[in-house]
Amino acid sequence: MGSKVILKLTRNGPMELRTLPAMESDLLDRARRIDRAAGGGFEVDSQRKGGGRAPRARATVAAVTYEQRLREAEDRALTRAIDAGR
């Protein structure tokens with residue numbers, strides 16, 4: 001079979017995971033994959049958001065120009081590409 005894995009979450013564990021630099025890098029890679037699957041040309045960005053002692057990583061893929069918005073409105077390019085980020 002395999003060895004048994006035991007996962008123990010601490011109170012601050014999930015927050016600590018969301019603040020790791022590796023998490024920001026992973027989210028940015030996922031956003032880039034979504035952009036490529038949508039045909040490219042969308043705005044991809046990652047940043048740290050949130051106040052306090054632990055800003056959380058986040059990444060976005062956005063249709064900013066008129067042409068990008070039109071592609072999303074008519075072809076649902078980003079909506080159909082979301083699975084590429086999994």
# chains A, B, ... in the order shown; residues from 1 in each chain; ligands from 1
$ residues_around --residues "Lys49 (chain A)" --least-positions-apart "6" --cutoff "10 Å" --atoms "only C-alpha atoms" --output "short mmCIF file (atom, residue, chain, number, x, y, z; two decimals) with N, CA and C atoms, in the first residue's frame"
data_model
loop_
_atom_site.label_atom_id
_atom_site.label_comp_id
_atom_site.auth_asym_id
_atom_site.auth_seq_id
_atom_site.Cartn_x
_atom_site.Cartn_y
_atom_site.Cartn_z
N THR A 19 1.88 33.02 2.56
CA THR A 19 2.86 34.10 2.55
C THR A 19 4.23 33.65 2.06
N PRO A 55 1.32 39.70 4.41
CA PRO A 55 0.63 39.92 3.14
C PRO A 55 0.59 38.63 2.32
N ARG A 56 -0.56 38.34 1.76
CA ARG A 56 -0.77 37.09 1.02
C ARG A 56 -0.45 37.26 -0.45
N ALA A 57 0.09 36.19 -1.04
CA ALA A 57 0.42 36.20 -2.46
C ALA A 57 -0.87 36.02 -3.26
N ARG A 58 -0.89 36.67 -4.45
CA ARG A 58 -2.01 36.48 -5.36
C ARG A 58 -1.52 36.76 -6.78
N ALA A 59 -2.21 36.20 -7.74
CA ALA A 59 -1.87 36.42 -9.14
C ALA A 59 -3.16 36.64 -9.91
#
$ residues_around --residues "Ala81 (chain A)" --least-positions-apart "2" --cutoff "7 Å" --atoms "only C-alpha atoms" --output "PyMOL selection string"
chain A and resi 34+37-38+77-79+83-84
$ write_last_selection --atoms "C-alpha atoms" --output "PDB file, in the first residue's frame"
ATOM      1  CA  ILE A  34      -3.955  30.396 -18.152  1.00  0.00           C
ATOM      2  CA  ALA A  37      -4.146  28.591 -22.912  1.00  0.00           C
ATOM      3  CA  ALA A  38      -6.282  31.656 -23.684  1.00  0.00           C
ATOM      4  CA  ALA A  77     -11.063  32.994 -23.891  1.00  0.00           C
ATOM      5  CA  LEU A  78     -10.114  33.386 -20.217  1.00  0.00           C
ATOM      6  CA  THR A  79     -13.135  31.548 -18.914  1.00  0.00           C
ATOM      7  CA  ASP A  83      -8.449  24.782 -16.107  1.00  0.00           C
ATOM      8  CA  ALA A  84      -4.908  25.382 -17.371  1.00  0.00           C
TER       9      ALA A  84
END
$ select_by_dssp --residues "chain A" --states "alpha helix (DSSP H)" --output "MDAnalysis selection string"
chainID A and resid 13:18 21:37 66:75 77:81
$ write_last_selection --atoms "C-alpha atoms" --output "PDB file, in the first residue's frame"
ATOM      1  CA  GLY A  13      -0.398  27.134   9.158  1.00  0.00           C
ATOM      2  CA  PRO A  14      -2.651  28.147   6.260  1.00  0.00           C
ATOM      3  CA  MET A  15      -1.646  31.805   6.626  1.00  0.00           C
ATOM      4  CA  GLU A  16       2.032  30.862   6.655  1.00  0.00           C
ATOM      5  CA  LEU A  17       1.583  28.867   3.443  1.00  0.00           C
ATOM      6  CA  ARG A  18      -0.066  31.821   1.684  1.00  0.00           C
ATOM      7  CA  PRO A  21       7.673  33.202  -1.758  1.00  0.00           C
ATOM      8  CA  ALA A  22       7.244  29.761  -3.345  1.00  0.00           C
ATOM      9  CA  MET A  23       3.473  30.246  -3.226  1.00  0.00           C
ATOM     10  CA  GLU A  24       3.737  33.550  -5.098  1.00  0.00           C
ATOM     11  CA  SER A  25       5.948  31.869  -7.713  1.00  0.00           C
ATOM     12  CA  ASP A  26       3.495  28.977  -8.110  1.00  0.00           C
ATOM     13  CA  LEU A  27       0.540  31.327  -8.505  1.00  0.00           C
ATOM     14  CA  LEU A  28       2.394  33.341 -11.140  1.00  0.00           C
ATOM     15  CA  ASP A  29       3.200  30.141 -13.077  1.00  0.00           C
ATOM     16  CA  ARG A  30      -0.482  29.178 -12.969  1.00  0.00           C
ATOM     17  CA  ALA A  31      -1.516  32.624 -14.220  1.00  0.00           C
ATOM     18  CA  ARG A  32       0.949  32.377 -17.114  1.00  0.00           C
ATOM     19  CA  ARG A  33      -0.437  28.948 -18.070  1.00  0.00           C
ATOM     20  CA  ILE A  34      -3.955  30.396 -18.152  1.00  0.00           C
ATOM     21  CA  ASP A  35      -2.739  33.256 -20.352  1.00  0.00           C
ATOM     22  CA  ARG A  36      -1.065  30.834 -22.792  1.00  0.00           C
ATOM     23  CA  ALA A  37      -4.146  28.591 -22.912  1.00  0.00           C
ATOM     24  CA  TYR A  66     -10.467  46.708 -25.713  1.00  0.00           C
ATOM     25  CA  GLU A  67      -9.260  43.787 -27.866  1.00  0.00           C
ATOM     26  CA  GLN A  68      -8.728  41.568 -24.807  1.00  0.00           C
ATOM     27  CA  ARG A  69     -12.165  42.400 -23.412  1.00  0.00           C
ATOM     28  CA  LEU A  70     -13.702  41.656 -26.799  1.00  0.00           C
ATOM     29  CA  ARG A  71     -11.969  38.245 -26.921  1.00  0.00           C
ATOM     30  CA  GLU A  72     -13.353  37.420 -23.491  1.00  0.00           C
ATOM     31  CA  ALA A  73     -16.835  38.723 -24.310  1.00  0.00           C
ATOM     32  CA  GLU A  74     -17.152  36.940 -27.656  1.00  0.00           C
ATOM     33  CA  ASP A  75     -14.980  33.833 -27.249  1.00  0.00           C
ATOM     34  CA  ALA A  77     -11.063  32.994 -23.891  1.00  0.00           C
ATOM     35  CA  LEU A  78     -10.114  33.386 -20.217  1.00  0.00           C
ATOM     36  CA  THR A  79     -13.135  31.548 -18.914  1.00  0.00           C
ATOM     37  CA  ARG A  80     -12.371  28.500 -21.074  1.00  0.00           C
ATOM     38  CA  ALA A  81      -8.665  28.603 -20.141  1.00  0.00           C
TER      39      ALA A  81
END
$ atom_distance --atom1 "CA of Leu9 (chain A)" --atom2 "CA of Gly85 (chain A)"
25.2 Å
$ select_by_dssp --residues "region 16-82 of chain A" --states "strand (DSSP E)" --output "PyMOL selection string"
chain A and resi 43-49+56-62
$ write_last_selection --atoms "N, CA and C atoms" --output "compact mmCIF listing (two decimals), in the first residue's frame"
# COMPACT_ATOMS: atom_id res chain seq x y z
N GLU A 43 -3.02 40.47 -19.59
CA GLU A 43 -2.12 41.01 -18.58
C GLU A 43 -2.00 40.04 -17.41
N VAL A 44 -0.78 39.61 -17.12
CA VAL A 44 -0.50 38.68 -16.03
C VAL A 44 0.28 39.44 -14.97
N ASP A 45 -0.14 39.30 -13.72
CA ASP A 45 0.50 40.04 -12.64
C ASP A 45 0.45 39.22 -11.37
N SER A 46 1.47 39.36 -10.53
CA SER A 46 1.43 38.76 -9.20
C SER A 46 1.88 39.82 -8.21
N GLN A 47 1.37 39.73 -7.01
CA GLN A 47 1.70 40.71 -5.99
C GLN A 47 1.36 40.16 -4.62
N ARG A 48 1.76 40.90 -3.64
CA ARG A 48 1.41 40.56 -2.26
C ARG A 48 0.38 41.58 -1.80
N LYS A 49 -0.73 41.09 -1.31
CA LYS A 49 -1.82 41.96 -0.87
C LYS A 49 -2.16 41.67 0.58
N ARG A 56 -0.56 38.34 1.76
CA ARG A 56 -0.77 37.09 1.02
C ARG A 56 -0.45 37.26 -0.45
N ALA A 57 0.09 36.19 -1.04
CA ALA A 57 0.42 36.20 -2.46
C ALA A 57 -0.87 36.02 -3.26
N ARG A 58 -0.89 36.67 -4.45
CA ARG A 58 -2.01 36.48 -5.36
C ARG A 58 -1.52 36.76 -6.78
N ALA A 59 -2.21 36.20 -7.74
CA ALA A 59 -1.87 36.42 -9.14
C ALA A 59 -3.16 36.64 -9.91
N THR A 60 -3.08 37.46 -10.97
CA THR A 60 -4.25 37.75 -11.78
C THR A 60 -3.91 37.63 -13.26
N VAL A 61 -4.92 37.27 -14.03
CA VAL A 61 -4.87 37.32 -15.49
C VAL A 61 -6.06 38.18 -15.88
N ALA A 62 -5.79 39.30 -16.53
CA ALA A 62 -6.87 40.25 -16.78
C ALA A 62 -6.92 40.70 -18.23
$ atom_distance --atom1 "CA of Ala54 (chain A)" --atom2 "CA of Arg86 (chain A)"
24.8 Å
$ atom_distance --atom1 "CA of Ala63 (chain A)" --atom2 "CA of Gly41 (chain A)"
8.7 Å
